[in-house]
Amino acid sequence: MGEPATKELLSLDQLEAAAGVRTGRKHILSIMVENKPGVLTRITGLFARRGFNIDTLAVGPTENERVSRITLTLDGAVHPIDQVTKQLHKLVNVLKIRDLEPAETLARELALFKVSADGGARAEVMQICEIFRAKIVDVTKRSVVIEVTGTDDKIEAFEQLVRPFGLIEMARTGEIAISRGRSET
Amino acid sequence: MRAVDALMECLKAEGVEVVFGLPGGANLPTYDAFYDAGIRHILVRHEAGGGHAAEGYAKATGKVGVALGTSGPGATNLVTPICDAMMDSVPVVFITGQVRTELLGTDGFQEADTIGITMPIVKHSFMIQHPLEIPRSIHEAFHIARTGRPGPVVVDIPQDLSRADIPYEPVTDVHLPGYQPTTEGNQKQIRLAAKALANARRPVIYAGGGVISACAGVELTELCLSDRLPVTCTVMGLGAFPAPHAQWLGMLGMHGTRAANYAMDEADLIVAVGARFDDRITGKLDEFAPRAKFVHIDIDPAEISKNVPAHIPIVGDAKNILPRLTAEYRALEPDPGRLEEWWSRIEAWRERHPLRYEDSSDTEIKPQYMIQALYEATGGEAIVTSDVGQHQMWTAQYFHFAKPRHWINSGGLGTMGFGLPAAMGAKVGCPDQTVVCVAGDGSVQMNMQELATCSEEGIAIKVFIMNNGYLGMVRQWQELFWDKRYSQVEMGQWPDFVTLAKAYGATGIRLQDKRTLVEDMRAALATEGPVLVDVRVTREENTYPMIPAGQPARNMVG
């Protein structure tokens, strides 16, 4: 039980509640789950019924075949993140949750853009691709399909630049993330 | 061994004495196994009755209840009890049949996506995909249901898998890496809470159903009595502290006492134990307990700061935490004199606003008097269940619950029709105790059919219907907030409960004279077998006091 309590006074005014805080920034949650049927439904169902809004969601295998990683992003301006993670922890199939620190995290997303690019426009689009280290993966007379990877900021910036050429379609994976350095995420 | 026979072995290994259920096509193999398994099976008349009976059994005994249903409608009939058990944290394992695996997803006969339908309302669920999974899943289901914050667990077993042969070996451990409830509270936090409590001048201990679940009534009482700490309980927590008592403020919340609600409103420190700051407690959240700091003790971390931000959160089992908090508090030797002013304020509220009603001057039975009479007739020595509505609130107000697990009601979900089957389950679990159900004339009809089960099985529950011929609570709201436009609340004069009771093989009694009520009730309680007592009460009586929905506690009316 340790040391007995000291009798010094404690003014109740000193007590502060720290919970339920809106951080105001984007959060990336890395959720390790058991690779079992229905687990994703449990998670998305939880978000839906608690009124939490998922911005992006990516699911895939990990180095351990019995474990999948779900990376999801949500807006900390709208949701109290501690409440979200606590609710997620209650799911029996959820093994570990990390609310990733932006500075210590590598986050990447893959996007495919189908852009109209005929005649003179094509060279300009290719130039933008070069700057963004984007790859053209399909070409027709009137369009190109471009593959871009990077942070969501980069992909959004790319989108802004190619949109004026005629953005026919866009597909994004949602971010996946891993921590920097040797230790596990 | 057939997987269903292994299932029986698992139930026995879990110490299951009784299950409540109803067979159908998809769980025929399970019922074949019951035929000579030596486990008591109570055949209910509707799966919902079985589910609530399992809840009543679990709440009265503290053990895990078990309810069974077949696939499709059997499982959907269990949805209300499952949700009820979730809201009130009741440990129940629901085992449902499912269509054969080859039919899954084909909209086969009596197919329903039981796992999908129940997903939002279970603590956890298992969809069996291989017969070998059955034993382990059953044990994991019991483990999850009973530990941490208790709750319902569904195990859905396709018919063909349940029939398959498996090599059965007893499972002695559970392996759930994602499920490790915190039980031991953090010592530093406990110490801080003790210090805050010792420095509080207007403290209130606010105890909920979690104290009952944790079997921590004694520990709660010790904390309260270690000083003159005022204590109030939620409707789920009644019995956690022995009422009546000088330090007992009565129930709090929408129909709680003024003393309890005003004390919360003016408190400088509220110690919440196993309670979740439900809207029926807080009223208008922004104006709830505006001067208070909060110590929040709960085994479910997600409850902490969900509705009201906690200043001192303590995650863990109340049974583990409360004695340590009491010890730390005692060690501080707090000055009891600091509470004098607070007590004189509380006493003034108590004196000015006791629970009261205007009694009739003739033979008419006031509903509040009916509960007082029942308290007298039972000597307070009974397990009391209720349905939901006015009668539930009056029972909570006027029946002084002195022990845990003696008050069984549907607090969170507010399920009409809960009381009668819950009483049935409680009586099965505690055969030596008097088990009484206080029902509404509306509610009781929602699971009336279980009276047949009681008669067949010799389950001697005593049901007292508070008959005012109305859906009383709705009528009250229509009277107070909807301009007395009584829309669809009159129940009329049927059924004749006395005749109906007889049809079900029970004893039917009608009581309508106040003067002999207590002795008539005693006679009913002494009657053998299940008894249905139709008590005719004042038709338009309101449950007071009340905090109008969405308003702060200090705006109580009535």
# chains A, B, ... in the order shown; residues from 1 in each chain; ligands from 1

call {"tool": "interface_residues", "arguments": {"of": "chain B", "to": "chain A", "cutoff": "8 Å", "atoms": "only C-alpha atoms", "output": "VMD selection string"}}
result
chain B and resid 119 to 120 123 to 124 176 to 179 187 191 195 to 196 199 to 200 268 to 269 293 301 to 302 305 to 306 309 to 312 328 331 to 332

call {"tool": "residues_around", "arguments": {"residues": "B:Ile128", "least_positions_apart": "4", "cutoff": "9 Å", "atoms": "only C-alpha atoms", "output": "PyMOL selection string"}}
result
chain B and resi 132-134+137+155-158+161

call {"tool": "residues_around", "arguments": {"residues": "B:Asp286", "least_positions_apart": "4", "cutoff": "10 Å", "atoms": "only C-alpha atoms", "output": "PDB file with N, CA and C atoms, in the first residue's frame"}}
result
ATOM      1  N   THR B 282     -28.301  13.444 -14.137  1.00  0.00           N
ATOM      2  CA  THR B 282     -27.725  14.785 -14.265  1.00  0.00           C
ATOM      3  C   THR B 282     -28.759  15.840 -14.612  1.00  0.00           C
ATOM      4  N   PRO B 290     -22.870  22.256 -10.337  1.00  0.00           N
ATOM      5  CA  PRO B 290     -21.940  23.261 -10.880  1.00  0.00           C
ATOM      6  C   PRO B 290     -20.749  23.576  -9.982  1.00  0.00           C
ATOM      7  N   VAL B 308     -19.410  13.518 -17.606  1.00  0.00           N
ATOM      8  CA  VAL B 308     -18.955  14.569 -16.699  1.00  0.00           C
ATOM      9  C   VAL B 308     -17.446  14.390 -16.492  1.00  0.00           C
ATOM     10  N   GLY B 550     -34.335  17.367 -18.984  1.00  0.00           N
ATOM     11  CA  GLY B 550     -33.485  18.409 -19.554  1.00  0.00           C
ATOM     12  C   GLY B 550     -33.337  19.643 -18.678  1.00  0.00           C
ATOM     13  N   GLN B 551     -33.828  19.567 -17.440  1.00  0.00           N
ATOM     14  CA  GLN B 551     -33.676  20.711 -16.540  1.00  0.00           C
ATOM     15  C   GLN B 551     -32.723  20.369 -15.398  1.00  0.00           C
ATOM     16  N   PRO B 552     -32.179  21.409 -14.762  1.00  0.00           N
ATOM     17  CA  PRO B 552     -31.288  21.121 -13.637  1.00  0.00           C
ATOM     18  C   PRO B 552     -32.062  20.683 -12.397  1.00  0.00           C
TER      19      PRO B 552
END

call {"tool": "closest_residue", "arguments": {"among": "B:Ile299, B:Asp278, B:Pro131, B:Gly411", "to": "B:Thr147", "atoms": "only C-alpha atoms"}}
result
B:Ile299

call {"tool": "residues_around", "arguments": {"residues": "B:Met473", "least_positions_apart": "5", "cutoff": "12 Å", "atoms": "only C-alpha atoms", "output": "MDAnalysis selection string"}}
result
chainID B and resid 255 387:394 414 416 440:443 468 478:481 486 489:490 539:544 546

call {"tool": "write_last_selection", "arguments": {"atoms": "N, CA and C atoms", "output": "mmCIF file, in the first residue's frame"}}
result
data_model
loop_
_atom_site.group_PDB
_atom_site.id
_atom_site.type_symbol
_atom_site.label_atom_id
_atom_site.label_comp_id
_atom_site.auth_asym_id
_atom_site.auth_seq_id
_atom_site.Cartn_x
_atom_site.Cartn_y
_atom_site.Cartn_z
ATOM 1 N N HIS B 255 -36.644 11.138 -10.310
ATOM 2 C CA HIS B 255 -37.665 11.009 -9.267
ATOM 3 C C HIS B 255 -37.034 10.757 -7.896
ATOM 4 N N ASP B 387 -41.297 -3.680 -13.224
ATOM 5 C CA ASP B 387 -41.306 -3.301 -14.625
ATOM 6 C C ASP B 387 -40.837 -1.853 -14.702
ATOM 7 N N VAL B 388 -41.345 -1.133 -15.679
ATOM 8 C CA VAL B 388 -40.848 0.225 -15.861
ATOM 9 C C VAL B 388 -41.999 1.211 -15.928
ATOM 10 N N GLY B 389 -41.884 2.251 -15.130
ATOM 11 C CA GLY B 389 -42.908 3.272 -15.129
ATOM 12 C C GLY B 389 -43.111 3.828 -13.735
ATOM 13 N N GLN B 390 -44.308 4.364 -13.506
ATOM 14 C CA GLN B 390 -44.598 4.980 -12.211
ATOM 15 C C GLN B 390 -44.384 4.003 -11.058
ATOM 16 N N HIS B 391 -44.892 2.770 -11.228
ATOM 17 C CA HIS B 391 -44.807 1.799 -10.130
ATOM 18 C C HIS B 391 -43.354 1.515 -9.769
ATOM 19 N N GLN B 392 -42.478 1.553 -10.779
ATOM 20 C CA GLN B 392 -41.050 1.315 -10.553
ATOM 21 C C GLN B 392 -40.472 2.428 -9.674
ATOM 22 N N MET B 393 -40.832 3.666 -10.011
ATOM 23 C CA MET B 393 -40.297 4.802 -9.257
ATOM 24 C C MET B 393 -40.853 4.826 -7.835
ATOM 25 N N TRP B 394 -42.137 4.530 -7.698
ATOM 26 C CA TRP B 394 -42.700 4.518 -6.345
ATOM 27 C C TRP B 394 -42.078 3.404 -5.511
ATOM 28 N N GLY B 414 -34.917 0.468 -19.581
ATOM 29 C CA GLY B 414 -36.301 0.777 -19.228
ATOM 30 C C GLY B 414 -37.264 -0.128 -19.966
ATOM 31 N N MET B 416 -40.277 -2.426 -20.370
ATOM 32 C CA MET B 416 -41.557 -2.906 -19.842
ATOM 33 C C MET B 416 -41.599 -4.419 -20.037
ATOM 34 N N GLY B 440 -46.701 -2.987 -13.507
ATOM 35 C CA GLY B 440 -47.744 -2.082 -13.957
ATOM 36 C C GLY B 440 -48.774 -2.885 -14.728
ATOM 37 N N ASP B 441 -49.982 -2.363 -14.808
ATOM 38 C CA ASP B 441 -50.994 -3.123 -15.546
ATOM 39 C C ASP B 441 -50.677 -3.116 -17.041
ATOM 40 N N GLY B 442 -49.909 -2.138 -17.489
ATOM 41 C CA GLY B 442 -49.456 -2.140 -18.877
ATOM 42 C C GLY B 442 -48.285 -3.085 -19.053
ATOM 43 N N SER B 443 -47.263 -2.884 -18.245
ATOM 44 C CA SER B 443 -46.025 -3.667 -18.373
ATOM 45 C C SER B 443 -46.245 -5.167 -18.250
ATOM 46 N N ASN B 468 -53.732 0.950 -12.443
ATOM 47 C CA ASN B 468 -54.441 2.223 -12.540
ATOM 48 C C ASN B 468 -55.123 2.377 -13.899
ATOM 49 N N GLN B 478 -48.095 13.296 -20.334
ATOM 50 C CA GLN B 478 -49.091 13.968 -21.166
ATOM 51 C C GLN B 478 -49.857 14.993 -20.343
ATOM 52 N N GLU B 479 -50.094 14.647 -19.081
ATOM 53 C CA GLU B 479 -50.790 15.596 -18.205
ATOM 54 C C GLU B 479 -49.932 16.841 -17.974
ATOM 55 N N LEU B 480 -48.661 16.627 -17.660
ATOM 56 C CA LEU B 480 -47.820 17.740 -17.242
ATOM 57 C C LEU B 480 -47.255 18.542 -18.412
ATOM 58 N N PHE B 481 -46.906 17.862 -19.470
ATOM 59 C CA PHE B 481 -46.165 18.551 -20.538
ATOM 60 C C PHE B 481 -46.869 18.571 -21.886
ATOM 61 N N TYR B 486 -54.502 13.061 -23.499
ATOM 62 C CA TYR B 486 -54.192 11.660 -23.200
ATOM 63 C C TYR B 486 -54.294 10.825 -24.467
ATOM 64 N N VAL B 489 -53.128 6.080 -23.928
ATOM 65 C CA VAL B 489 -52.571 5.617 -22.657
ATOM 66 C C VAL B 489 -53.588 4.865 -21.806
ATOM 67 N N GLU B 490 -54.846 4.865 -22.229
ATOM 68 C CA GLU B 490 -55.852 4.155 -21.431
ATOM 69 C C GLU B 490 -55.841 2.683 -21.760
ATOM 70 N N ARG B 539 -56.366 6.253 -9.980
ATOM 71 C CA ARG B 539 -56.049 6.203 -11.409
ATOM 72 C C ARG B 539 -55.055 7.281 -11.842
ATOM 73 N N GLU B 540 -55.304 8.519 -11.407
ATOM 74 C CA GLU B 540 -54.447 9.583 -11.938
ATOM 75 C C GLU B 540 -53.606 10.207 -10.840
ATOM 76 N N GLU B 541 -52.624 9.456 -10.402
ATOM 77 C CA GLU B 541 -51.705 9.943 -9.392
ATOM 78 C C GLU B 541 -50.360 10.154 -10.084
ATOM 79 N N ASN B 542 -49.654 11.204 -9.694
ATOM 80 C CA ASN B 542 -48.369 11.460 -10.347
ATOM 81 C C ASN B 542 -47.188 11.102 -9.457
ATOM 82 N N THR B 543 -46.125 10.684 -10.102
ATOM 83 C CA THR B 543 -44.894 10.361 -9.389
ATOM 84 C C THR B 543 -44.115 11.646 -9.154
ATOM 85 N N TYR B 544 -44.010 12.009 -7.895
ATOM 86 C CA TYR B 544 -43.277 13.213 -7.509
ATOM 87 C C TYR B 544 -42.301 12.868 -6.401
ATOM 88 N N MET B 546 -40.176 15.431 -9.171
ATOM 89 C CA MET B 546 -39.514 15.109 -10.423
ATOM 90 C C MET B 546 -38.725 16.289 -10.968
#

call {"tool": "select_by_dssp", "arguments": {"residues": "stretch 8-125 of chain A", "states": "alpha helix (DSSP H)", "output": "ChimeraX atom specification"}}
result
/A:39-50,81-89,120-125

call {"tool": "write_last_selection", "arguments": {"atoms": "N, CA and C atoms", "output": "short mmCIF file (atom, residue, chain, number, x, y, z; two decimals), in the first residue's frame"}}
result
data_model
loop_
_atom_site.label_atom_id
_atom_site.label_comp_id
_atom_site.auth_asym_id
_atom_site.auth_seq_id
_atom_site.Cartn_x
_atom_site.Cartn_y
_atom_site.Cartn_z
N VAL A 39 -14.31 -8.20 -37.22
CA VAL A 39 -13.64 -7.23 -36.34
C VAL A 39 -13.79 -5.81 -36.88
N LEU A 40 -13.63 -5.67 -38.20
CA LEU A 40 -13.77 -4.34 -38.78
C LEU A 40 -15.18 -3.79 -38.57
N THR A 41 -16.16 -4.68 -38.68
CA THR A 41 -17.55 -4.27 -38.46
C THR A 41 -17.74 -3.77 -37.03
N ARG A 42 -17.10 -4.46 -36.10
CA ARG A 42 -17.23 -4.03 -34.70
C ARG A 42 -16.69 -2.61 -34.54
N ILE A 43 -15.57 -2.36 -35.20
CA ILE A 43 -14.94 -1.05 -35.04
C ILE A 43 -15.75 0.05 -35.74
N THR A 44 -16.12 -0.21 -36.99
CA THR A 44 -16.89 0.83 -37.70
C THR A 44 -18.25 1.01 -37.04
N GLY A 45 -18.83 -0.09 -36.55
CA GLY A 45 -20.11 0.01 -35.87
C GLY A 45 -20.02 0.87 -34.62
N LEU A 46 -18.93 0.68 -33.90
CA LEU A 46 -18.71 1.48 -32.69
C LEU A 46 -18.62 2.97 -33.04
N PHE A 47 -17.87 3.27 -34.09
CA PHE A 47 -17.76 4.67 -34.51
C PHE A 47 -19.12 5.24 -34.88
N ALA A 48 -19.88 4.44 -35.62
CA ALA A 48 -21.18 4.93 -36.08
C ALA A 48 -22.11 5.21 -34.91
N ARG A 49 -22.18 4.28 -33.96
CA ARG A 49 -23.19 4.47 -32.92
C ARG A 49 -22.78 5.47 -31.86
N ARG A 50 -21.48 5.71 -31.72
CA ARG A 50 -21.04 6.73 -30.77
C ARG A 50 -20.95 8.09 -31.44
N ILE A 81 -10.58 12.50 -28.25
CA ILE A 81 -9.86 11.30 -28.68
C ILE A 81 -9.76 10.28 -27.55
N ASP A 82 -9.64 10.75 -26.29
CA ASP A 82 -9.52 9.78 -25.19
C ASP A 82 -10.78 8.92 -25.09
N GLN A 83 -11.92 9.52 -25.37
CA GLN A 83 -13.17 8.75 -25.31
C GLN A 83 -13.21 7.72 -26.45
N VAL A 84 -12.72 8.13 -27.61
CA VAL A 84 -12.68 7.22 -28.76
C VAL A 84 -11.79 6.01 -28.44
N THR A 85 -10.58 6.28 -27.95
CA THR A 85 -9.66 5.15 -27.69
C THR A 85 -10.18 4.28 -26.55
N LYS A 86 -10.80 4.89 -25.55
CA LYS A 86 -11.31 4.08 -24.45
C LYS A 86 -12.43 3.15 -24.92
N GLN A 87 -13.28 3.67 -25.78
CA GLN A 87 -14.36 2.82 -26.31
C GLN A 87 -13.76 1.70 -27.16
N LEU A 88 -12.76 2.03 -27.97
CA LEU A 88 -12.13 1.01 -28.81
C LEU A 88 -11.48 -0.09 -27.96
N HIS A 89 -10.87 0.32 -26.87
CA HIS A 89 -10.21 -0.65 -25.98
C HIS A 89 -11.19 -1.67 -25.42
N GLY A 120 -1.16 19.89 -75.50
CA GLY A 120 -0.18 20.66 -74.76
C GLY A 120 -0.25 20.43 -73.26
N ALA A 121 -1.44 20.04 -72.78
CA ALA A 121 -1.61 19.85 -71.34
C ALA A 121 -0.72 18.74 -70.81
N ARG A 122 -0.51 17.74 -71.66
CA ARG A 122 0.19 16.56 -71.19
C ARG A 122 1.59 16.90 -70.63
N ALA A 123 2.31 17.71 -71.34
CA ALA A 123 3.67 18.05 -70.89
C ALA A 123 3.63 18.74 -69.54
N GLU A 124 2.65 19.58 -69.40
CA GLU A 124 2.54 20.32 -68.13
C GLU A 124 2.23 19.36 -66.97
N VAL A 125 1.32 18.41 -67.24
CA VAL A 125 0.97 17.42 -66.21
C VAL A 125 2.21 16.61 -65.84
#

call {"tool": "residues_around", "arguments": {"residues": "A:Arg98", "least_positions_apart": "6", "cutoff": "10 Å", "atoms": "only C-alpha atoms", "output": "ChimeraX atom specification"}}
result
/A:28-32,71,85,179,185

call {"tool": "write_last_selection", "arguments": {"atoms": "C-alpha atoms", "output": "PDB file, in the first residue's frame"}}
result
ATOM      1  CA  ILE A  28      -3.839   8.957 -36.576  1.00  0.00           C
ATOM      2  CA  LEU A  29      -4.819   5.897 -34.597  1.00  0.00           C
ATOM      3  CA  SER A  30      -2.932   2.687 -35.203  1.00  0.00           C
ATOM      4  CA  ILE A  31      -5.095  -0.166 -34.005  1.00  0.00           C
ATOM      5  CA  MET A  32      -3.813  -3.720 -33.829  1.00  0.00           C
ATOM      6  CA  THR A  71      -4.966   2.828 -39.401  1.00  0.00           C
ATOM      7  CA  THR A  85      -9.663   5.155 -27.694  1.00  0.00           C
ATOM      8  CA  SER A 179       6.535   5.034 -35.821  1.00  0.00           C
ATOM      9  CA  THR A 185       4.556   1.423 -33.149  1.00  0.00           C
TER      10      THR A 185
END

call {"tool": "residues_around", "arguments": {"residues": "A:Ile54", "least_positions_apart": "5", "cutoff": "7 Å", "atoms": "only C-alpha atoms", "output": "list in words"}}
result
Leu72, Thr73 and Leu74 of chain A

call {"tool": "write_last_selection", "arguments": {"atoms": "N, CA and C atoms", "output": "short mmCIF file (atom, residue, chain, number, x, y, z; two decimals), in the first residue's frame"}}
result
data_model
loop_
_atom_site.label_atom_id
_atom_site.label_comp_id
_atom_site.auth_asym_id
_atom_site.auth_seq_id
_atom_site.Cartn_x
_atom_site.Cartn_y
_atom_site.Cartn_z
N LEU A 72 -6.54 4.51 -38.76
CA LEU A 72 -7.64 5.42 -39.09
C LEU A 72 -7.34 6.82 -38.61
N THR A 73 -7.85 7.76 -39.36
CA THR A 73 -7.62 9.15 -38.98
C THR A 73 -8.95 9.78 -38.63
N LEU A 74 -8.91 10.65 -37.66
CA LEU A 74 -10.11 11.39 -37.29
C LEU A 74 -9.73 12.75 -36.75
#

call {"tool": "atom_distance", "arguments": {"atom1": "atom CA of B:Ile314", "atom2": "atom CA of B:Gly185"}}
result
5.8 Å

call {"tool": "residues_around", "arguments": {"residues": "A:Asn35", "least_positions_apart": "5", "cutoff": "10 Å", "atoms": "only C-alpha atoms", "output": "list in words"}}
result
Leu40, Gly60, Pro61, Thr62, Asn64, Glu65, Arg66, Val67, Ser68, Arg69, Asn93 and Val94 of chain A

call {"tool": "atom_distance", "arguments": {"atom1": "atom CA of B:Gly253", "atom2": "atom CA of B:Ala267"}}
result
14.8 Å

call {"tool": "decode", "arguments": {"residues": "stretch 51-80 of chain A", "atoms": "N, CA and C atoms", "output": "CSV table (one decimal), in the first residue's frame"}}
result
chain,number,residue,atom,x,y,z
A,51,GLY,N,-21.2,8.1,-32.7
A,51,GLY,CA,-21.2,9.4,-33.4
A,51,GLY,C,-19.8,9.9,-33.7
A,52,PHE,N,-18.8,9.0,-33.8
A,52,PHE,CA,-17.5,9.4,-34.1
A,52,PHE,C,-17.4,9.3,-35.7
A,53,ASN,N,-16.7,10.3,-36.3
A,53,ASN,CA,-16.6,10.3,-37.7
A,53,ASN,C,-15.2,9.9,-38.2
A,54,ILE,N,-15.1,8.9,-39.0
A,54,ILE,CA,-13.8,8.4,-39.5
A,54,ILE,C,-13.5,9.2,-40.7
A,55,ASP,N,-12.3,9.8,-40.8
A,55,ASP,CA,-11.9,10.5,-42.0
A,55,ASP,C,-11.3,9.5,-43.0
A,56,THR,N,-10.3,8.8,-42.6
A,56,THR,CA,-9.8,7.7,-43.5
A,56,THR,C,-9.6,6.4,-42.7
A,57,LEU,N,-9.6,5.3,-43.5
A,57,LEU,CA,-9.5,4.0,-42.8
A,57,LEU,C,-8.7,3.1,-43.8
A,58,ALA,N,-7.7,2.5,-43.2
A,58,ALA,CA,-6.9,1.5,-44.0
A,58,ALA,C,-6.7,0.3,-43.2
A,59,VAL,N,-6.9,-0.9,-43.8
A,59,VAL,CA,-6.8,-2.1,-43.1
A,59,VAL,C,-5.8,-3.1,-43.9
A,60,GLY,N,-5.0,-3.7,-43.2
A,60,GLY,CA,-4.1,-4.7,-43.9
A,60,GLY,C,-3.4,-5.6,-42.9
A,61,PRO,N,-2.7,-6.6,-43.5
A,61,PRO,CA,-2.0,-7.6,-42.6
A,61,PRO,C,-0.7,-6.9,-42.0
A,62,THR,N,-0.2,-7.6,-41.0
A,62,THR,CA,1.0,-7.2,-40.4
A,62,THR,C,2.0,-8.3,-40.5
A,63,GLU,N,3.2,-8.1,-39.8
A,63,GLU,CA,4.2,-9.1,-39.8
A,63,GLU,C,3.7,-10.4,-39.2
A,64,ASN,N,2.7,-10.3,-38.3
A,64,ASN,CA,2.1,-11.4,-37.6
A,64,ASN,C,0.7,-11.8,-38.3
A,65,GLU,N,0.6,-13.0,-38.8
A,65,GLU,CA,-0.6,-13.3,-39.6
A,65,GLU,C,-1.9,-13.3,-38.8
A,66,ARG,N,-1.7,-13.4,-37.5
A,66,ARG,CA,-2.9,-13.4,-36.7
A,66,ARG,C,-3.4,-12.0,-36.3
A,67,VAL,N,-2.6,-11.0,-36.7
A,67,VAL,CA,-2.9,-9.6,-36.3
A,67,VAL,C,-3.0,-8.8,-37.6
A,68,SER,N,-4.1,-7.9,-37.6
A,68,SER,CA,-4.2,-6.9,-38.7
A,68,SER,C,-4.0,-5.5,-38.1
A,69,ARG,N,-3.5,-4.6,-38.9
A,69,ARG,CA,-3.4,-3.2,-38.5
A,69,ARG,C,-4.5,-2.4,-39.1
A,70,ILE,N,-5.2,-1.7,-38.3
A,70,ILE,CA,-6.2,-0.7,-38.8
A,70,ILE,C,-5.6,0.7,-38.6
A,71,THR,N,-5.4,1.5,-39.6
A,71,THR,CA,-5.0,2.8,-39.4
A,71,THR,C,-6.1,3.7,-39.7
A,72,LEU,N,-6.5,4.5,-38.8
A,72,LEU,CA,-7.6,5.4,-39.1
A,72,LEU,C,-7.3,6.8,-38.6
A,73,THR,N,-7.8,7.8,-39.4
A,73,THR,CA,-7.6,9.1,-39.0
A,73,THR,C,-9.0,9.8,-38.6
A,74,LEU,N,-8.9,10.6,-37.7
A,74,LEU,CA,-10.1,11.4,-37.3
A,74,LEU,C,-9.7,12.8,-36.7
A,75,ASP,N,-10.7,13.6,-36.7
A,75,ASP,CA,-10.5,15.0,-36.4
A,75,ASP,C,-10.6,15.3,-34.9
A,76,GLY,N,-9.5,15.6,-34.3
A,76,GLY,CA,-9.5,15.9,-32.8
A,76,GLY,C,-10.2,17.2,-32.5
A,77,ALA,N,-10.6,18.0,-33.5
A,77,ALA,CA,-11.4,19.2,-33.1
A,77,ALA,C,-12.9,18.8,-32.8
A,78,VAL,N,-13.3,17.7,-33.4
A,78,VAL,CA,-14.7,17.3,-33.3
A,78,VAL,C,-14.9,16.3,-32.2
A,79,HIS,N,-13.9,15.4,-32.0
A,79,HIS,CA,-14.0,14.3,-31.1
A,79,HIS,C,-13.0,14.3,-29.9
A,80,PRO,N,-13.5,13.9,-28.7
A,80,PRO,CA,-12.6,13.8,-27.6
A,80,PRO,C,-11.8,12.4,-27.9
